[in-house]
$ cat upload18.cif   # mmCIF, C-alpha atoms (C1' of nucleotides)
data_data
loop_
_atom_site.label_atom_id
_atom_site.label_comp_id
_atom_site.auth_asym_id
_atom_site.auth_seq_id
_atom_site.Cartn_x
_atom_site.Cartn_y
_atom_site.Cartn_z
CA MET A 1 -31.66 -8.37 -1.56
CA GLU A 2 -28.15 -9.70 -1.17
CA LYS A 3 -27.64 -13.34 -1.96
CA ASN A 4 -24.99 -13.87 0.69
CA SER A 5 -25.97 -11.96 3.78
CA LYS A 6 -23.72 -14.18 5.84
CA ILE A 7 -23.33 -14.16 9.56
CA ASN A 8 -19.69 -13.15 9.18
CA PRO A 9 -18.78 -9.75 7.84
CA PRO A 10 -16.20 -9.83 5.04
CA CYS A 11 -12.53 -9.74 5.99
CA ASP A 12 -11.29 -6.35 4.82
CA GLU A 13 -8.95 -3.82 6.42
CA LYS A 14 -11.21 -3.49 9.40
CA CYS A 15 -11.30 -7.20 10.12
CA PRO A 16 -9.78 -7.68 13.56
CA VAL A 17 -8.28 -11.01 12.57
CA ARG A 18 -6.51 -9.42 9.65
CA ALA A 19 -5.29 -6.54 11.78
CA SER A 20 -3.80 -8.89 14.33
CA LEU A 21 -2.18 -11.01 11.65
CA SER A 22 -0.53 -8.04 10.01
CA LEU A 23 1.31 -7.57 13.28
CA LEU A 24 1.88 -11.15 14.37
CA SER A 25 1.99 -13.37 11.32
CA GLY A 26 5.74 -13.53 10.88
CA LYS A 27 7.45 -16.89 10.93
CA TRP A 28 9.11 -16.20 14.28
CA THR A 29 7.02 -13.50 15.92
CA LEU A 30 4.72 -15.54 18.12
CA MET A 31 7.46 -17.94 19.06
CA ILE A 32 9.56 -15.07 20.34
CA LEU A 33 6.67 -13.67 22.34
CA PHE A 34 6.09 -17.16 23.70
CA GLN A 35 9.69 -17.48 24.82
CA ILE A 36 9.81 -14.09 26.46
CA ASN A 37 6.51 -14.79 28.14
CA GLU A 38 6.33 -13.27 31.61
CA ASN A 39 10.07 -12.94 32.13
CA ALA A 40 12.88 -10.54 31.44
CA VAL A 41 14.97 -12.34 28.85
CA ARG A 42 18.38 -11.51 27.45
CA TYR A 43 19.17 -11.48 23.76
CA GLY A 44 21.50 -14.44 24.08
CA GLU A 45 18.96 -16.48 25.96
CA LEU A 46 16.44 -15.89 23.20
CA LYS A 47 18.95 -16.91 20.59
CA ARG A 48 19.34 -20.21 22.32
CA SER A 49 15.71 -20.83 23.17
CA VAL A 50 14.24 -19.98 19.78
CA THR A 51 16.08 -22.83 18.15
CA GLY A 52 17.18 -22.27 14.59
CA ILE A 53 16.58 -18.55 14.32
CA SER A 54 19.38 -16.48 12.82
CA GLU A 55 20.74 -13.44 14.59
CA LYS A 56 19.52 -11.25 11.78
CA MET A 57 15.94 -12.45 12.10
CA LEU A 58 16.04 -12.27 15.88
CA ILE A 59 17.05 -8.63 16.18
CA GLN A 60 14.93 -7.70 13.20
CA GLU A 61 11.89 -9.18 14.91
CA LEU A 62 12.82 -7.73 18.27
CA ASN A 63 13.20 -4.26 16.79
CA MET A 64 9.84 -4.63 15.10
CA LEU A 65 8.22 -5.77 18.32
CA VAL A 66 9.73 -2.88 20.25
CA GLU A 67 8.57 -0.45 17.58
CA ASN A 68 5.06 -1.84 17.83
CA LYS A 69 5.09 -1.60 21.62
CA LEU A 70 4.68 -5.29 22.21
CA VAL A 71 8.11 -5.61 23.78
CA SER A 72 10.23 -3.25 25.85
CA LYS A 73 14.01 -3.20 25.85
CA LYS A 74 16.31 -2.37 28.71
CA VAL A 75 19.98 -1.79 27.99
CA PHE A 76 22.46 -2.17 30.84
CA PRO A 77 25.54 -0.02 30.25
CA GLU A 78 28.00 -2.80 31.00
CA ILE A 79 30.80 -4.55 29.29
CA PRO A 80 30.14 -7.07 27.88
CA PRO A 81 26.75 -5.61 26.95
CA LYS A 82 23.55 -6.82 28.54
CA VAL A 83 20.09 -6.25 27.13
CA GLU A 84 16.82 -7.46 28.54
CA TYR A 85 13.56 -7.81 26.70
CA ARG A 86 10.16 -8.17 28.27
CA LEU A 87 6.56 -7.99 27.16
CA THR A 88 4.72 -4.73 27.58
CA GLU A 89 1.14 -4.70 28.79
CA LEU A 90 0.08 -4.90 25.17
CA GLY A 91 2.49 -7.74 24.54
CA LEU A 92 1.14 -9.69 27.47
CA LYS A 93 -2.23 -9.58 25.81
CA THR A 94 -0.89 -11.72 22.98
CA LEU A 95 -0.21 -14.61 25.34
CA PRO A 96 -3.76 -15.99 25.11
CA ILE A 97 -3.23 -16.30 21.35
CA VAL A 98 0.00 -18.15 21.95
CA ASP A 99 -1.69 -20.34 24.51
CA GLN A 100 -4.34 -21.38 22.01
CA LEU A 101 -1.65 -22.17 19.46
CA ALA A 102 0.18 -24.24 22.03
CA GLN A 103 -2.96 -26.07 23.03
CA PHE A 104 -3.89 -26.81 19.43
CA GLY A 105 -0.40 -28.09 18.76
CA LEU A 106 -0.31 -30.24 21.86
CA GLU A 107 -3.67 -31.83 21.24
CA ASN A 108 -3.39 -32.39 17.53
CA LEU A 109 0.12 -32.16 16.18
CA VAL A 110 3.05 -33.02 18.40
CA MET B 1 24.74 -26.80 36.18
CA GLU B 2 23.08 -24.89 33.37
CA LYS B 3 22.99 -21.14 33.64
CA ASN B 4 19.59 -20.75 32.06
CA SER B 5 17.29 -23.42 33.37
CA LYS B 6 14.27 -21.37 32.42
CA ILE B 7 10.66 -22.13 33.11
CA ASN B 8 10.00 -22.40 29.38
CA PRO B 9 11.51 -25.21 27.39
CA PRO B 10 13.30 -24.10 24.24
CA CYS B 11 11.29 -23.77 21.05
CA ASP B 12 12.55 -26.57 18.81
CA GLU B 13 10.72 -28.96 16.48
CA LYS B 14 8.68 -30.34 19.33
CA CYS B 15 7.45 -26.93 20.45
CA PRO B 16 3.67 -26.99 20.07
CA VAL B 17 3.58 -23.32 19.16
CA ARG B 18 6.03 -23.90 16.35
CA ALA B 19 4.14 -26.95 15.13
CA SER B 20 0.90 -25.02 14.94
CA LEU B 21 2.55 -22.12 13.20
CA SER B 22 4.08 -24.33 10.54
CA LEU B 23 0.52 -25.20 9.59
CA LEU B 24 -1.26 -21.92 10.15
CA SER B 25 1.20 -19.09 9.72
CA GLY B 26 0.42 -18.23 6.12
CA LYS B 27 -0.70 -14.73 5.27
CA TRP B 28 -4.25 -15.88 4.48
CA THR B 29 -4.69 -19.19 6.29
CA LEU B 30 -6.36 -18.09 9.49
CA MET B 31 -8.49 -15.52 7.71
CA ILE B 32 -9.87 -18.24 5.45
CA LEU B 33 -10.63 -20.50 8.40
CA PHE B 34 -12.27 -17.54 10.08
CA GLN B 35 -14.50 -16.89 7.10
CA ILE B 36 -15.51 -20.50 6.68
CA ASN B 37 -16.20 -20.74 10.38
CA GLU B 38 -19.14 -23.00 11.16
CA ASN B 39 -20.72 -22.82 7.73
CA ALA B 40 -20.56 -24.52 4.37
CA VAL B 41 -19.06 -21.87 2.11
CA ARG B 42 -18.68 -21.82 -1.64
CA TYR B 43 -15.48 -20.89 -3.40
CA GLY B 44 -16.98 -17.72 -4.83
CA GLU B 45 -18.28 -16.60 -1.48
CA LEU B 46 -14.82 -16.97 -0.01
CA LYS B 47 -13.31 -15.00 -2.84
CA ARG B 48 -15.62 -12.13 -2.00
CA SER B 49 -15.38 -12.33 1.77
CA VAL B 50 -11.60 -12.64 2.03
CA THR B 51 -11.11 -9.22 0.50
CA GLY B 52 -8.04 -8.80 -1.65
CA ILE B 53 -6.99 -12.41 -1.97
CA SER B 54 -6.09 -13.61 -5.46
CA GLU B 55 -7.69 -16.70 -6.94
CA LYS B 56 -4.34 -18.39 -7.07
CA MET B 57 -3.71 -17.90 -3.38
CA LEU B 58 -7.22 -18.88 -2.44
CA ILE B 59 -7.24 -22.27 -4.12
CA GLN B 60 -3.64 -22.87 -3.15
CA GLU B 61 -4.53 -22.32 0.50
CA LEU B 62 -7.74 -24.30 0.22
CA ASN B 63 -5.90 -27.24 -1.31
CA MET B 64 -3.33 -27.07 1.44
CA LEU B 65 -6.04 -26.96 4.10
CA VAL B 66 -7.85 -29.91 2.57
CA GLU B 67 -4.58 -31.84 2.39
CA ASN B 68 -3.96 -31.14 6.04
CA LYS B 69 -7.48 -32.21 7.00
CA LEU B 70 -8.50 -28.85 8.36
CA VAL B 71 -11.10 -28.33 5.66
CA SER B 72 -13.30 -30.72 3.71
CA LYS B 73 -14.47 -30.14 0.17
CA LYS B 74 -17.73 -31.20 -1.41
CA VAL B 75 -18.11 -31.00 -5.18
CA PHE B 76 -21.62 -30.87 -6.62
CA PRO B 77 -21.68 -32.30 -10.15
CA GLU B 78 -23.64 -29.42 -11.60
CA ILE B 79 -23.23 -26.86 -14.30
CA PRO B 80 -22.13 -24.25 -13.47
CA PRO B 81 -19.92 -25.99 -10.92
CA LYS B 82 -20.59 -25.72 -7.21
CA VAL B 83 -18.07 -26.52 -4.50
CA GLU B 84 -18.57 -26.20 -0.80
CA TYR B 85 -15.89 -25.99 1.83
CA ARG B 86 -16.35 -26.53 5.53
CA LEU B 87 -14.17 -27.05 8.54
CA THR B 88 -13.46 -30.58 9.67
CA GLU B 89 -13.48 -31.47 13.34
CA LEU B 90 -9.80 -30.64 13.39
CA GLY B 91 -10.43 -27.38 11.59
CA LEU B 92 -13.07 -26.37 14.07
CA LYS B 93 -10.45 -26.65 16.77
CA THR B 94 -8.57 -23.75 15.22
CA LEU B 95 -11.46 -21.39 15.85
CA PRO B 96 -10.38 -20.60 19.42
CA ILE B 97 -7.09 -19.37 17.99
CA VAL B 98 -8.93 -17.19 15.53
CA ASP B 99 -11.18 -15.92 18.28
CA GLN B 100 -8.19 -14.82 20.32
CA LEU B 101 -6.76 -13.05 17.29
CA ALA B 102 -10.07 -11.33 16.73
CA GLN B 103 -10.33 -10.30 20.35
CA PHE B 104 -6.80 -8.94 20.41
CA GLY B 105 -7.47 -7.00 17.26
CA LEU B 106 -10.75 -5.60 18.49
CA GLU B 107 -9.39 -4.48 21.82
CA ASN B 108 -6.08 -3.08 20.68
CA LEU B 109 -5.85 -2.41 16.98
CA VAL B 110 -9.00 -1.62 15.02
"C1'" DT C 1 -22.47 -17.04 -31.79
"C1'" DT C 2 -21.64 -14.30 -28.19
"C1'" DG C 3 -21.50 -13.60 -23.38
"C1'" DG C 4 -22.18 -14.99 -18.59
"C1'" DG C 5 -21.55 -17.72 -14.50
"C1'" DT C 6 -18.54 -20.96 -11.69
"C1'" DA C 7 -14.34 -23.15 -10.19
"C1'" DC C 8 -10.23 -23.69 -11.18
"C1'" DT C 9 -5.09 -23.90 -13.76
"C1'" DT C 10 -0.91 -22.16 -15.75
"C1'" DA C 11 2.98 -19.26 -16.80
"C1'" DC C 12 5.53 -15.52 -15.78
"C1'" DC C 13 7.34 -12.08 -12.91
"C1'" DA C 14 8.03 -9.07 -8.59
"C1'" DA C 15 8.50 -8.56 -3.85
"C1'" DA C 16 9.06 -10.18 0.69
"C1'" DT C 17 11.39 -13.06 3.54
"C1'" DG C 18 15.10 -15.51 5.36
"C1'" DG C 19 19.95 -17.46 5.68
"C1'" DT C 20 25.21 -16.98 5.66
"C1'" DT C 21 29.10 -14.78 6.63
"C1'" DA C 22 31.85 -11.42 8.30
"C1'" DG C 23 32.73 -7.61 11.24
"C1'" DA C 24 32.26 -3.74 14.89
"C1'" DA C 25 32.61 -2.26 19.71
"C1'" DT C 26 34.42 -2.65 24.37
"C1'" DT C 27 36.66 -4.58 28.41
"C1'" DA C 28 38.70 -8.37 31.06
"C1'" DC C 29 41.40 -12.27 31.33
"C1'" DT C 30 45.62 -14.89 30.21
"C1'" DA D 1 49.14 -9.38 22.19
"C1'" DG D 2 45.64 -12.45 21.56
"C1'" DT D 3 41.18 -14.40 22.85
"C1'" DA D 4 36.61 -14.45 24.72
"C1'" DA D 5 32.12 -12.60 25.76
"C1'" DT D 6 27.85 -10.09 24.21
"C1'" DT D 7 24.80 -7.46 21.24
"C1'" DC D 8 24.26 -6.00 17.29
"C1'" DT D 9 25.07 -4.39 11.88
"C1'" DA D 10 25.83 -4.93 6.91
"C1'" DA D 11 26.33 -7.07 2.43
"C1'" DC D 12 24.99 -10.53 -0.44
"C1'" DC D 13 22.31 -14.11 -2.20
"C1'" DA D 14 18.61 -17.93 -2.32
"C1'" DT D 15 14.14 -19.24 -1.39
"C1'" DT D 16 9.57 -18.49 -0.55
"C1'" DT D 17 5.66 -16.17 -1.24
"C1'" DG D 18 2.42 -13.53 -3.71
"C1'" DG D 19 0.28 -10.99 -7.69
"C1'" DT D 20 -1.28 -10.52 -12.72
"C1'" DA D 21 -3.18 -12.03 -16.56
"C1'" DA D 22 -4.75 -15.24 -19.41
"C1'" DG D 23 -6.90 -19.59 -20.40
"C1'" DT D 24 -9.91 -24.10 -19.60
"C1'" DA D 25 -14.32 -26.41 -19.17
"C1'" DC D 26 -19.18 -26.69 -19.25
"C1'" DC D 27 -23.89 -25.40 -20.11
"C1'" DC D 28 -27.49 -21.90 -20.57
"C1'" DA D 29 -29.67 -17.75 -22.24
"C1'" DA D 30 -30.12 -14.03 -25.45
#
$ encode --input "upload18.cif" --output "structure tokens"
Amino acid sequence: MEKNSKINPPCDEKCPVRASLSLLSGKWTLMILFQINENAVRYGELKRSVTGISEKMLIQELNMLVENKLVSKKVFPEIPPKVEYRLTELGLKTLPIVDQLAQFGLENLV
Amino acid sequence: MEKNSKINPPCDEKCPVRASLSLLSGKWTLMILFQINENAVRYGELKRSVTGISEKMLIQELNMLVENKLVSKKVFPEIPPKVEYRLTELGLKTLPIVDQLAQFGLENLV
DNA sequence: TTGGGTACTTACCAAATGGTTAGAATTACT
DNA sequence: AGTAATTCTAACCATTTGGTAAGTACCCAA
């Protein structure tokens, strides 16, 4: 008989928490998703609203999010260029996570 | 008049999402909280249930969590040593975040 | 006296992450 | 001709983070 037949299964590759974190645990990731939220947001707007992020990190994260289908990108063939980002259906499903983070922060930290 | 008077305020130091992330965004942090959950859990149990974590990371994170009052630590003066960790009231309030991560993972990733 | 169990600690090194700076591309405006 | 606007890209370096391996301390059991 196992000594620790816990309620919780161990947290290996199949752990849903771990799987989500491998996608979302970057320093900026959830903040970017939070700022895009339900809108179509331009690159420059994001740069201003995610205070302190560098351009390198911002596009790097955006590319990663587009690759992982959390964010979609629409390029307008104009000069000067215009690019809009918005959450995909999958991306929208991360908003409850962000909401919980926001609530925890509001109630206990800020 | 500002061009981008968005619905969302910008994400600076007072952003509750950012504040929460500065506490919780480590690679292992939320997985550890998840594994402790509502129980009293020994160090060795955690080492086994958070698969793949090194001892160094585990105590480092645990110390950090105790310092930040998310986790409490009870040392039993026995040989061999026995130490139990459990979530504080504040720590318990992170479980909804973890739940959302788990749900997102279950529905979309695993 | 050797080994096992438990909870750490330390030192060293490797990899991941993030910041700074500069520049490219294109058109319009002055 | 020079400057501004916007969205990137690239090179370089510093910091942070994480892993490995070994060691400490204590008692018990074989």
$ residues_around --input "upload18.cif" --residues "stretch 16-26 of chain D" --least-positions-apart "4" --cutoff "10 Å" --atoms "all atoms listed in the file" --output "VMD selection string"
(chain B and resid 26 to 27 53 to 57 78 to 81) or (chain C and resid 6 to 18)
$ calpha_fit_and_write --input "upload18.cif" --fixed "chain B" --moving "chain A" --output "mmCIF file with C-alpha atoms, in the coordinates of the input"
data_model
loop_
_atom_site.group_PDB
_atom_site.id
_atom_site.type_symbol
_atom_site.label_atom_id
_atom_site.label_comp_id
_atom_site.auth_asym_id
_atom_site.auth_seq_id
_atom_site.Cartn_x
_atom_site.Cartn_y
_atom_site.Cartn_z
ATOM 1 C CA MET A 1 24.606 -26.583 36.516
ATOM 2 C CA GLU A 2 22.925 -24.815 33.636
ATOM 3 C CA LYS A 3 22.912 -21.057 33.756
ATOM 4 C CA ASN A 4 19.516 -20.702 32.122
ATOM 5 C CA SER A 5 17.243 -23.385 33.459
ATOM 6 C CA LYS A 6 14.249 -21.340 32.415
ATOM 7 C CA ILE A 7 10.650 -22.122 33.065
ATOM 8 C CA ASN A 8 10.030 -22.411 29.331
ATOM 9 C CA PRO A 9 11.553 -25.231 27.353
ATOM 10 C CA PRO A 10 13.352 -24.107 24.190
ATOM 11 C CA CYS A 11 11.329 -23.802 20.997
ATOM 12 C CA ASP A 12 12.587 -26.596 18.760
ATOM 13 C CA GLU A 13 10.770 -28.999 16.444
ATOM 14 C CA LYS A 14 8.743 -30.350 19.302
ATOM 15 C CA CYS A 15 7.493 -26.959 20.412
ATOM 16 C CA PRO A 16 3.721 -27.013 20.040
ATOM 17 C CA VAL A 17 3.635 -23.346 19.110
ATOM 18 C CA ARG A 18 6.071 -23.934 16.298
ATOM 19 C CA ALA A 19 4.166 -26.975 15.098
ATOM 20 C CA SER A 20 0.930 -25.039 14.928
ATOM 21 C CA LEU A 21 2.585 -22.140 13.151
ATOM 22 C CA SER A 22 4.087 -24.358 10.495
ATOM 23 C CA LEU A 23 0.528 -25.235 9.566
ATOM 24 C CA LEU A 24 -1.254 -21.943 10.131
ATOM 25 C CA SER A 25 1.204 -19.113 9.687
ATOM 26 C CA GLY A 26 0.415 -18.245 6.095
ATOM 27 C CA LYS A 27 -0.715 -14.747 5.259
ATOM 28 C CA TRP A 28 -4.256 -15.882 4.471
ATOM 29 C CA THR A 29 -4.696 -19.185 6.273
ATOM 30 C CA LEU A 30 -6.367 -18.091 9.483
ATOM 31 C CA MET A 31 -8.496 -15.544 7.713
ATOM 32 C CA ILE A 32 -9.883 -18.241 5.459
ATOM 33 C CA LEU A 33 -10.621 -20.506 8.398
ATOM 34 C CA PHE A 34 -12.281 -17.550 10.093
ATOM 35 C CA GLN A 35 -14.508 -16.900 7.104
ATOM 36 C CA ILE A 36 -15.528 -20.503 6.684
ATOM 37 C CA ASN A 37 -16.180 -20.746 10.388
ATOM 38 C CA GLU A 38 -19.123 -23.008 11.168
ATOM 39 C CA ASN A 39 -20.727 -22.826 7.739
ATOM 40 C CA ALA A 40 -20.570 -24.517 4.385
ATOM 41 C CA VAL A 41 -19.095 -21.868 2.122
ATOM 42 C CA ARG A 42 -18.717 -21.794 -1.637
ATOM 43 C CA TYR A 43 -15.507 -20.873 -3.394
ATOM 44 C CA GLY A 44 -17.018 -17.717 -4.825
ATOM 45 C CA GLU A 45 -18.314 -16.591 -1.478
ATOM 46 C CA LEU A 46 -14.847 -16.959 -0.009
ATOM 47 C CA LYS A 47 -13.357 -14.986 -2.845
ATOM 48 C CA ARG A 48 -15.636 -12.135 -1.998
ATOM 49 C CA SER A 49 -15.395 -12.325 1.769
ATOM 50 C CA VAL A 50 -11.625 -12.629 2.025
ATOM 51 C CA THR A 51 -11.140 -9.226 0.493
ATOM 52 C CA GLY A 52 -8.062 -8.792 -1.637
ATOM 53 C CA ILE A 53 -7.016 -12.405 -1.981
ATOM 54 C CA SER A 54 -6.152 -13.601 -5.473
ATOM 55 C CA GLU A 55 -7.738 -16.693 -6.939
ATOM 56 C CA LYS A 56 -4.370 -18.373 -7.057
ATOM 57 C CA MET A 57 -3.744 -17.879 -3.353
ATOM 58 C CA LEU A 58 -7.283 -18.876 -2.450
ATOM 59 C CA ILE A 59 -7.287 -22.275 -4.126
ATOM 60 C CA GLN A 60 -3.683 -22.854 -3.167
ATOM 61 C CA GLU A 61 -4.573 -22.312 0.476
ATOM 62 C CA LEU A 62 -7.771 -24.299 0.203
ATOM 63 C CA ASN A 63 -5.940 -27.243 -1.333
ATOM 64 C CA MET A 64 -3.367 -27.063 1.429
ATOM 65 C CA LEU A 65 -6.058 -26.950 4.082
ATOM 66 C CA VAL A 66 -7.866 -29.908 2.553
ATOM 67 C CA GLU A 67 -4.609 -31.840 2.363
ATOM 68 C CA ASN A 68 -3.970 -31.137 6.025
ATOM 69 C CA LYS A 69 -7.486 -32.205 6.983
ATOM 70 C CA LEU A 70 -8.511 -28.858 8.352
ATOM 71 C CA VAL A 71 -11.106 -28.336 5.646
ATOM 72 C CA SER A 72 -13.322 -30.716 3.703
ATOM 73 C CA LYS A 73 -14.498 -30.143 0.156
ATOM 74 C CA LYS A 74 -17.759 -31.198 -1.396
ATOM 75 C CA VAL A 75 -18.140 -30.993 -5.156
ATOM 76 C CA PHE A 76 -21.645 -30.854 -6.610
ATOM 77 C CA PRO A 77 -21.707 -32.283 -10.133
ATOM 78 C CA GLU A 78 -23.632 -29.374 -11.607
ATOM 79 C CA ILE A 79 -23.194 -26.852 -14.304
ATOM 80 C CA PRO A 80 -22.078 -24.225 -13.511
ATOM 81 C CA PRO A 81 -19.909 -25.978 -10.921
ATOM 82 C CA LYS A 82 -20.592 -25.695 -7.221
ATOM 83 C CA VAL A 83 -18.096 -26.497 -4.499
ATOM 84 C CA GLU A 84 -18.589 -26.185 -0.783
ATOM 85 C CA TYR A 85 -15.903 -25.975 1.840
ATOM 86 C CA ARG A 86 -16.366 -26.537 5.531
ATOM 87 C CA LEU A 87 -14.171 -27.055 8.554
ATOM 88 C CA THR A 88 -13.457 -30.583 9.662
ATOM 89 C CA GLU A 89 -13.463 -31.469 13.336
ATOM 90 C CA LEU A 90 -9.777 -30.646 13.379
ATOM 91 C CA GLY A 91 -10.405 -27.381 11.587
ATOM 92 C CA LEU A 92 -13.041 -26.380 14.088
ATOM 93 C CA LYS A 93 -10.415 -26.671 16.761
ATOM 94 C CA THR A 94 -8.535 -23.765 15.210
ATOM 95 C CA LEU A 95 -11.427 -21.400 15.866
ATOM 96 C CA PRO A 96 -10.325 -20.606 19.432
ATOM 97 C CA ILE A 97 -7.024 -19.385 17.974
ATOM 98 C CA VAL A 98 -8.898 -17.210 15.531
ATOM 99 C CA ASP A 99 -11.121 -15.952 18.302
ATOM 100 C CA GLN A 100 -8.121 -14.832 20.328
ATOM 101 C CA LEU A 101 -6.706 -13.064 17.289
ATOM 102 C CA ALA A 102 -10.021 -11.345 16.744
ATOM 103 C CA GLN A 103 -10.272 -10.325 20.364
ATOM 104 C CA PHE A 104 -6.733 -8.966 20.413
ATOM 105 C CA GLY A 105 -7.407 -7.014 17.250
ATOM 106 C CA LEU A 106 -10.686 -5.622 18.496
ATOM 107 C CA GLU A 107 -9.313 -4.508 21.824
ATOM 108 C CA ASN A 108 -6.021 -3.099 20.670
ATOM 109 C CA LEU A 109 -5.820 -2.443 16.966
ATOM 110 C CA VAL A 110 -8.954 -1.629 15.026
#
$ atom_distance --input "upload18.cif" --atom1 "atom CA of B:Ile97" --atom2 "atom CA of A:Leu95"
11.1 Å
$ closest_residue --input "upload18.cif" --among "B:Val83, B:Thr94, B:Gln103, B:Trp28" --to "chain D" --atoms "only C-alpha atoms (C1' of nucleotides)"
B:Trp28
$ interface_residues --input "upload18.cif" --of "chain B" --to "chain A" --cutoff "8 Å" --atoms "only C-alpha atoms" --output "mmCIF file with C-alpha atoms, keeping the file's coordinate frame"
data_model
loop_
_atom_site.group_PDB
_atom_site.id
_atom_site.type_symbol
_atom_site.label_atom_id
_atom_site.label_comp_id
_atom_site.auth_asym_id
_atom_site.auth_seq_id
_atom_site.Cartn_x
_atom_site.Cartn_y
_atom_site.Cartn_z
ATOM 1 C CA ASN B 4 19.590 -20.750 32.060
ATOM 2 C CA ASN B 8 10.000 -22.400 29.380
ATOM 3 C CA PRO B 9 11.510 -25.210 27.390
ATOM 4 C CA PRO B 10 13.300 -24.100 24.240
ATOM 5 C CA CYS B 11 11.290 -23.770 21.050
ATOM 6 C CA ASP B 12 12.550 -26.570 18.810
ATOM 7 C CA LYS B 14 8.680 -30.340 19.330
ATOM 8 C CA CYS B 15 7.450 -26.930 20.450
ATOM 9 C CA PRO B 16 3.670 -26.990 20.070
ATOM 10 C CA VAL B 17 3.580 -23.320 19.160
ATOM 11 C CA ARG B 18 6.030 -23.900 16.350
ATOM 12 C CA ALA B 19 4.140 -26.950 15.130
ATOM 13 C CA SER B 20 0.900 -25.020 14.940
ATOM 14 C CA LEU B 21 2.550 -22.120 13.200
ATOM 15 C CA SER B 25 1.200 -19.090 9.720
ATOM 16 C CA GLY B 26 0.420 -18.230 6.120
ATOM 17 C CA LYS B 27 -0.700 -14.730 5.270
ATOM 18 C CA LEU B 30 -6.360 -18.090 9.490
ATOM 19 C CA MET B 31 -8.490 -15.520 7.710
ATOM 20 C CA GLN B 35 -14.500 -16.890 7.100
ATOM 21 C CA GLU B 45 -18.280 -16.600 -1.480
ATOM 22 C CA ARG B 48 -15.620 -12.130 -2.000
ATOM 23 C CA SER B 49 -15.380 -12.330 1.770
ATOM 24 C CA VAL B 50 -11.600 -12.640 2.030
ATOM 25 C CA THR B 51 -11.110 -9.220 0.500
ATOM 26 C CA GLY B 52 -8.040 -8.800 -1.650
ATOM 27 C CA LEU B 90 -9.800 -30.640 13.390
ATOM 28 C CA LYS B 93 -10.450 -26.650 16.770
ATOM 29 C CA THR B 94 -8.570 -23.750 15.220
ATOM 30 C CA PRO B 96 -10.380 -20.600 19.420
ATOM 31 C CA ILE B 97 -7.090 -19.370 17.990
ATOM 32 C CA VAL B 98 -8.930 -17.190 15.530
ATOM 33 C CA GLN B 100 -8.190 -14.820 20.320
ATOM 34 C CA LEU B 101 -6.760 -13.050 17.290
ATOM 35 C CA ALA B 102 -10.070 -11.330 16.730
ATOM 36 C CA GLN B 103 -10.330 -10.300 20.350
ATOM 37 C CA PHE B 104 -6.800 -8.940 20.410
ATOM 38 C CA GLY B 105 -7.470 -7.000 17.260
ATOM 39 C CA LEU B 106 -10.750 -5.600 18.490
ATOM 40 C CA ASN B 108 -6.080 -3.080 20.680
ATOM 41 C CA LEU B 109 -5.850 -2.410 16.980
ATOM 42 C CA VAL B 110 -9.000 -1.620 15.020
#
$ atom_distance --input "upload18.cif" --atom1 "atom CA of B:Val71" --atom2 "atom CA of A:Leu33"
28.4 Å
$ residues_around --input "upload18.cif" --residues "C:DG4" --least-positions-apart "6" --cutoff "12 Å" --atoms "all atoms listed in the file" --output "ChimeraX atom specification"
/B:80 /D:27-30
$ closest_residue --input "upload18.cif" --among "B:Pro77, B:Arg86, B:Asn63, B:Leu70" --to "chain D" --atoms "only C-alpha atoms (C1' of nucleotides)"
B:Pro77
$ atom_distance --input "upload18.cif" --atom1 "atom CA of B:Glu61" --atom2 "atom CA of B:Thr88"
15.2 Å
$ resolve_selection --input "upload18.cif" --expression "the PyMOL selection byres ((chain C and resi 21) around 12)" --output "PDB file with C-alpha atoms (C1' of nucleotides), keeping the file's coordinate frame"
ATOM      1  CA  SER A  54      19.380 -16.480  12.820  1.00  0.00           C
ATOM      2  CA  GLU A  55      20.740 -13.440  14.590  1.00  0.00           C
ATOM      3  CA  LYS A  56      19.520 -11.250  11.780  1.00  0.00           C
TER       4      LYS A  56
ATOM      5  C1'  DG C  19      19.950 -17.460   5.680  1.00  0.00           C
ATOM      6  C1'  DT C  20      25.210 -16.980   5.660  1.00  0.00           C
ATOM      7  C1'  DA C  22      31.850 -11.420   8.300  1.00  0.00           C
ATOM      8  C1'  DG C  23      32.730  -7.610  11.240  1.00  0.00           C
TER       9       DG C  23
ATOM     10  C1'  DA D  10      25.830  -4.930   6.910  1.00  0.00           C
ATOM     11  C1'  DA D  11      26.330  -7.070   2.430  1.00  0.00           C
ATOM     12  C1'  DC D  12      24.990 -10.530  -0.440  1.00  0.00           C
ATOM     13  C1'  DC D  13      22.310 -14.110  -2.200  1.00  0.00           C
TER      14       DC D  13
END
$ resolve_selection --input "upload18.cif" --expression "the PyMOL selection byres ((chain D) within 8 of (chain A))" --output "short mmCIF file (atom, residue, chain, number, x, y, z; two decimals) with C-alpha atoms (C1' of nucleotides), in the coordinates of the input"
data_model
loop_
_atom_site.label_atom_id
_atom_site.label_comp_id
_atom_site.auth_asym_id
_atom_site.auth_seq_id
_atom_site.Cartn_x
_atom_site.Cartn_y
_atom_site.Cartn_z
"C1'" DA D 5 32.12 -12.60 25.76
"C1'" DT D 6 27.85 -10.09 24.21
"C1'" DT D 7 24.80 -7.46 21.24
"C1'" DC D 8 24.26 -6.00 17.29
#
$ resolve_selection --input "upload18.cif" --expression "the PyMOL selection byres ((chain C and resi 29) around 12)" --output "PDB file with C-alpha atoms (C1' of nucleotides), keeping the file's coordinate frame"
ATOM      1  C1'  DT C  27      36.660  -4.580  28.410  1.00  0.00           C
ATOM      2  C1'  DA C  28      38.700  -8.370  31.060  1.00  0.00           C
ATOM      3  C1'  DT C  30      45.620 -14.890  30.210  1.00  0.00           C
TER       4       DT C  30
ATOM      5  C1'  DG D   2      45.640 -12.450  21.560  1.00  0.00           C
ATOM      6  C1'  DT D   3      41.180 -14.400  22.850  1.00  0.00           C
ATOM      7  C1'  DA D   4      36.610 -14.450  24.720  1.00  0.00           C
ATOM      8  C1'  DA D   5      32.120 -12.600  25.760  1.00  0.00           C
TER       9       DA D   5
END
